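Notes follow the structure.
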Amino acid sequence: MEAKYYERLNDNKARCNLCPHGCTIGDGEVGVCKVRKNSKGPLISLNYGKITSYAYDPIEKKPLFHFYPGSRIFSIGSFGCNFKCDFCQNWEIAQRRSWTTDLEDEDIILLGKSLGSIGIAYTYNEPVISYEHVYHVCKMARDNGLKNVLVTNGYINPEPLMELLPYIDAMNIDLKSFNDDFYKKICKGRLEPVKRTIEIAAKHTHVEITNLIIEGLNSSEEEIEELALWVSSVDKSIPLHFTKYFPSYKMDLPETSYDVLLRAKNIAKKYLYYVYIGNVMGIDNNTYCPKCSNELVNRDIKGKVIGIKDNRCINCGTEIEIIY
């Protein structure tokens, strides 16, 4: 499948314009993501329709807490990534070519409609680098009344993002750190393009943000406060998920302590209405009204909406931005 968003250069080279890397790719070579290949000038998508992983997941696993709480969604992923995070949690498919299977368009849509699924989530590896396939399936899903969810690192240029957004119902975007050096050294990317994606997406679709906290690398009180303050400048209602790091791939630092996660949550709550902790069992991740603290969504019983009527808190009448 010929890729979108590239330009042909002299000497059979091509420049990929999909993401901020802007790779110049020689004949027979691939870009940083390893799935966009120059084939004598044209750029080809190597992972079009190639599925490495699929499952029915709780929507909260994405994580999305304010988008159809308690629902399930059919989730698919391919291989490759345009980041090289040392702590990659899905490195088997993101950082190397893995076993794949082909799912026909009709089967993806059928699976997206089955077993109580509300739609299709593009996840597991980085879906942006499967742009052509994701865009194609998103349009079909929309035509069939299904929801589209994108779980992404946010490393995409504005033009392809804007073309895709009309078909996206919700996004969870990784904001891996609020320090550009972290992005450069640990992820092999840059912070500013991710911030730009969040700002653009928040104007067009439902957005939630995940920050995987690695103790000693992106866990300082100053960085957490700066991150939360910036997110609040985009929208105080954006849910922020602090998730626990576990050693994986090239990183063997100790797992993040609960105290560090709780401290981050308490800092962020000064600026944001909704802050959650992920990858930790037995904690209170229910949703409460930011004004009166009335319980709105109970996740001890699979995301049951209990305190909202007509998009308002039943106790104080505050408008609540939860899609259900």
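Ligands are numbered from 1 in the order shown, chains are lettered A, B, ... in the order of the structure tokens, and residues start at 1 in each chain.
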request  = Just the residues within 9 Å of Met140 of chain A, please, counting only C-alpha atoms, with nothing from its chain fewer than 6 positions along; format it as a PyMOL selection string.
outcome  = chain A and resi 105+109+146
ask   = Counting only C-alpha atoms, what is within 9 Å of Ser177 of chain A, bar same-chain residues fewer than 2 positions away, as a PyMOL selection string?
value = chain A and resi 174-175+179-180+182-183+191+211-213+217-219+223-224+227
Quick one: write out the picked residues with N, CA and C atoms as a PDB file, in the first residue's frame?
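The new file result_38.pdb reads:
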ATOM      1  N   ASP A 174      -0.218   9.786  25.280  1.00  0.00           N
ATOM      2  CA  ASP A 174       0.883   9.686  26.239  1.00  0.00           C
ATOM      3  C   ASP A 174       1.652  11.000  26.275  1.00  0.00           C
ATOM      4  N   LEU A 175       1.736  11.587  27.450  1.00  0.00           N
ATOM      5  CA  LEU A 175       2.643  12.705  27.694  1.00  0.00           C
ATOM      6  C   LEU A 175       3.723  12.153  28.611  1.00  0.00           C
ATOM      7  N   ASN A 179       9.739  17.197  30.104  1.00  0.00           N
ATOM      8  CA  ASN A 179      11.142  17.581  29.958  1.00  0.00           C
ATOM      9  C   ASN A 179      11.628  17.109  28.598  1.00  0.00           C
ATOM     10  N   ASP A 180      12.065  18.048  27.759  1.00  0.00           N
ATOM     11  CA  ASP A 180      12.472  17.686  26.408  1.00  0.00           C
ATOM     12  C   ASP A 180      13.688  16.772  26.413  1.00  0.00           C
ATOM     13  N   PHE A 182      14.260  14.367  28.481  1.00  0.00           N
ATOM     14  CA  PHE A 182      13.725  13.017  28.680  1.00  0.00           C
ATOM     15  C   PHE A 182      13.283  12.444  27.344  1.00  0.00           C
ATOM     16  N   TYR A 183      12.518  13.238  26.583  1.00  0.00           N
ATOM     17  CA  TYR A 183      12.059  12.775  25.276  1.00  0.00           C
ATOM     18  C   TYR A 183      13.238  12.444  24.362  1.00  0.00           C
ATOM     19  N   LEU A 191       9.380  16.857  22.858  1.00  0.00           N
ATOM     20  CA  LEU A 191       8.181  17.165  23.641  1.00  0.00           C
ATOM     21  C   LEU A 191       7.196  18.054  22.903  1.00  0.00           C
ATOM     22  N   ASN A 211       0.490   9.714  31.863  1.00  0.00           N
ATOM     23  CA  ASN A 211       1.892   9.985  32.179  1.00  0.00           C
ATOM     24  C   ASN A 211       2.426   8.816  32.998  1.00  0.00           C
ATOM     25  N   LEU A 212       3.297   8.019  32.387  1.00  0.00           N
ATOM     26  CA  LEU A 212       3.934   6.897  33.081  1.00  0.00           C
ATOM     27  C   LEU A 212       5.070   7.456  33.929  1.00  0.00           C
ATOM     28  N   ILE A 213       4.953   7.336  35.227  1.00  0.00           N
ATOM     29  CA  ILE A 213       5.950   7.936  36.120  1.00  0.00           C
ATOM     30  C   ILE A 213       7.061   6.937  36.431  1.00  0.00           C
ATOM     31  N   LEU A 217      13.341   9.892  37.198  1.00  0.00           N
ATOM     32  CA  LEU A 217      13.532  10.374  35.829  1.00  0.00           C
ATOM     33  C   LEU A 217      12.521  11.459  35.445  1.00  0.00           C
ATOM     34  N   ASN A 218      11.253  11.225  35.753  1.00  0.00           N
ATOM     35  CA  ASN A 218      10.232  12.232  35.417  1.00  0.00           C
ATOM     36  C   ASN A 218       9.250  12.424  36.562  1.00  0.00           C
ATOM     37  N   SER A 219       9.734  12.226  37.809  1.00  0.00           N
ATOM     38  CA  SER A 219       8.842  12.189  38.964  1.00  0.00           C
ATOM     39  C   SER A 219       9.002  13.369  39.911  1.00  0.00           C
ATOM     40  N   GLU A 223       8.432  18.975  38.061  1.00  0.00           N
ATOM     41  CA  GLU A 223       7.976  18.556  36.735  1.00  0.00           C
ATOM     42  C   GLU A 223       6.501  18.192  36.743  1.00  0.00           C
ATOM     43  N   ILE A 224       6.048  17.501  37.779  1.00  0.00           N
ATOM     44  CA  ILE A 224       4.630  17.133  37.870  1.00  0.00           C
ATOM     45  C   ILE A 224       3.768  18.384  37.918  1.00  0.00           C
ATOM     46  N   LEU A 227       3.720  20.028  34.479  1.00  0.00           N
ATOM     47  CA  LEU A 227       2.899  19.251  33.558  1.00  0.00           C
ATOM     48  C   LEU A 227       1.415  19.499  33.808  1.00  0.00           C
TER      49      LEU A 227
END
inquiry  = For a quick check of understanding, using only C-alpha atoms, which of A:Phe83, A:Lys61, A:Ser71, A:Tyr48 has the smallest distance to Lys184 of chain A?
reply    =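 Ranking A:Phe83, A:Lys61, A:Ser71, A:Tyr48 by distance to Lys184 of chain A, first place goes to A:Phe83.
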key: Close residues, Asp27 of chain A itself excluded, 6 Å, only C-alpha atoms, min 4 positions apart in chain, as JSON, numbers by chain   = {"A": [12, 13, 38, 39, 40]}
remark   = Expressed in Å, the length from atom CA of Arg8 of chain A to atom CA of His133 of chain A is 21.4 Å
message = Let's see if you can do this: from backbone DSSP, list all strand (DSSP E) residues in segment 58-126 of chain A, as JSON, numbers by chain.
response = {"A": [58, 72, 73, 74, 75, 76, 77, 101, 102, 117, 118, 119, 120, 121, 122]}
message = Give me the residues near Ile129 of chain A as a list of chain:residue names, where near means some atom within 10 Å (using only C-alpha atoms) and where sequence neighbours in that chain fewer than 5 positions away do not count.
response =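 Counting only C-alpha atoms, the residues come to A:Ala3, A:Leu18, A:Cys19, A:Cys33, A:Lys34, A:Val35, A:Arg36, A:Ser45, A:Leu46, A:Asn47, A:Tyr48, A:Ser78, A:Phe79, A:Gly80, A:Cys81, A:Asn82, A:Val134, A:Thr152, A:Tyr155, A:Ile156.
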Generate the output file for the selected residues, N, CA and C atoms, as a compact mmCIF listing (two decimals), in the first residue's frame.
# COMPACT_ATOMS: atom_id res chain seq x y z
N ALA A 3 2.04 4.85 0.83
CA ALA A 3 1.82 5.67 2.01
C ALA A 3 1.26 7.04 1.64
N LEU A 18 4.73 12.34 7.70
CA LEU A 18 3.67 11.90 8.60
C LEU A 18 3.92 12.37 10.03
N CYS A 19 5.14 12.23 10.50
CA CYS A 19 5.43 12.58 11.89
C CYS A 19 6.59 13.56 11.95
N CYS A 33 10.39 4.55 12.12
CA CYS A 33 9.34 3.62 12.56
C CYS A 33 9.51 2.21 12.01
N LYS A 34 10.33 2.06 10.99
CA LYS A 34 10.64 0.77 10.35
C LYS A 34 9.46 0.14 9.61
N VAL A 35 8.41 0.93 9.34
CA VAL A 35 7.27 0.37 8.61
C VAL A 35 6.93 1.18 7.36
N ARG A 36 7.68 2.24 7.11
CA ARG A 36 7.46 3.04 5.91
C ARG A 36 8.74 2.96 5.07
N SER A 45 3.72 1.49 2.84
CA SER A 45 3.40 1.10 4.21
C SER A 45 3.54 -0.42 4.34
N LEU A 46 4.51 -0.87 5.15
CA LEU A 46 4.77 -2.30 5.30
C LEU A 46 3.80 -2.98 6.25
N ASN A 47 3.10 -2.21 7.08
CA ASN A 47 2.23 -2.85 8.07
C ASN A 47 0.74 -2.62 7.80
N TYR A 48 0.42 -2.25 6.57
CA TYR A 48 -0.98 -2.01 6.23
C TYR A 48 -1.80 -3.30 6.42
N SER A 78 -0.79 -3.23 15.42
CA SER A 78 0.10 -3.77 14.40
C SER A 78 1.51 -3.88 14.99
N PHE A 79 2.53 -3.47 14.22
CA PHE A 79 3.90 -3.49 14.75
C PHE A 79 4.60 -2.19 14.37
N GLY A 80 5.68 -1.89 15.10
CA GLY A 80 6.46 -0.69 14.83
C GLY A 80 6.08 0.47 15.72
N CYS A 81 6.98 1.47 15.77
CA CYS A 81 6.74 2.68 16.55
C CYS A 81 7.69 3.77 16.07
N ASN A 82 7.27 5.02 16.18
CA ASN A 82 8.17 6.11 15.82
C ASN A 82 8.90 6.69 17.04
N VAL A 134 -5.41 2.75 9.60
CA VAL A 134 -6.26 3.33 10.64
C VAL A 134 -7.28 4.28 10.02
N THR A 152 -2.30 6.76 21.59
CA THR A 152 -1.16 7.21 20.80
C THR A 152 -0.13 7.98 21.62
N TYR A 155 2.81 11.66 18.42
CA TYR A 155 3.90 12.16 17.57
C TYR A 155 3.47 12.10 16.12
N ILE A 156 2.70 13.10 15.72
CA ILE A 156 2.15 13.18 14.37
C ILE A 156 2.10 14.64 13.96
query = Counting only C-alpha atoms, what is within 9 Å of Leu150 of chain A, bar same-chain residues fewer than 2 positions away, as a count of residues only?
reply = 15
Neighbour list for His241 of chain A as a list in words, cut-off 7 Å, only C-alpha atoms, skip fewer than 4 positions in-chain = Ile209, Thr210, Asn211, Val275, Tyr276, Ile277 and Gly278 of chain A
key: Polymer residues at most 10 Å from Cys289 of chain A, only C-alpha atoms, same-chain spacing of 4 or more positions, as a list in words   =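 Residues meeting the cut-off are Tyr273, Tyr274, Ser293, Asn294, Glu295, Leu296, Val297, Gly307, Ile308, Arg312, Cys313, Ile314, Asn315, Cys316, Gly317, Thr318, Glu319 and Ile320 of chain A.
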task = Find the residue from A:Gly41, A:Gly77, A:Gly282, A:Gly70 that sits nearest to Ser53 of chain A; use only C-alpha atoms when measuring.
result =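 Under the stated criterion, the closest residue is A:Gly77.
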query = Interatomic distance between atom CA of Ser117 of chain A and atom CA of Tyr56 of chain A?
reply = 7.4 Å
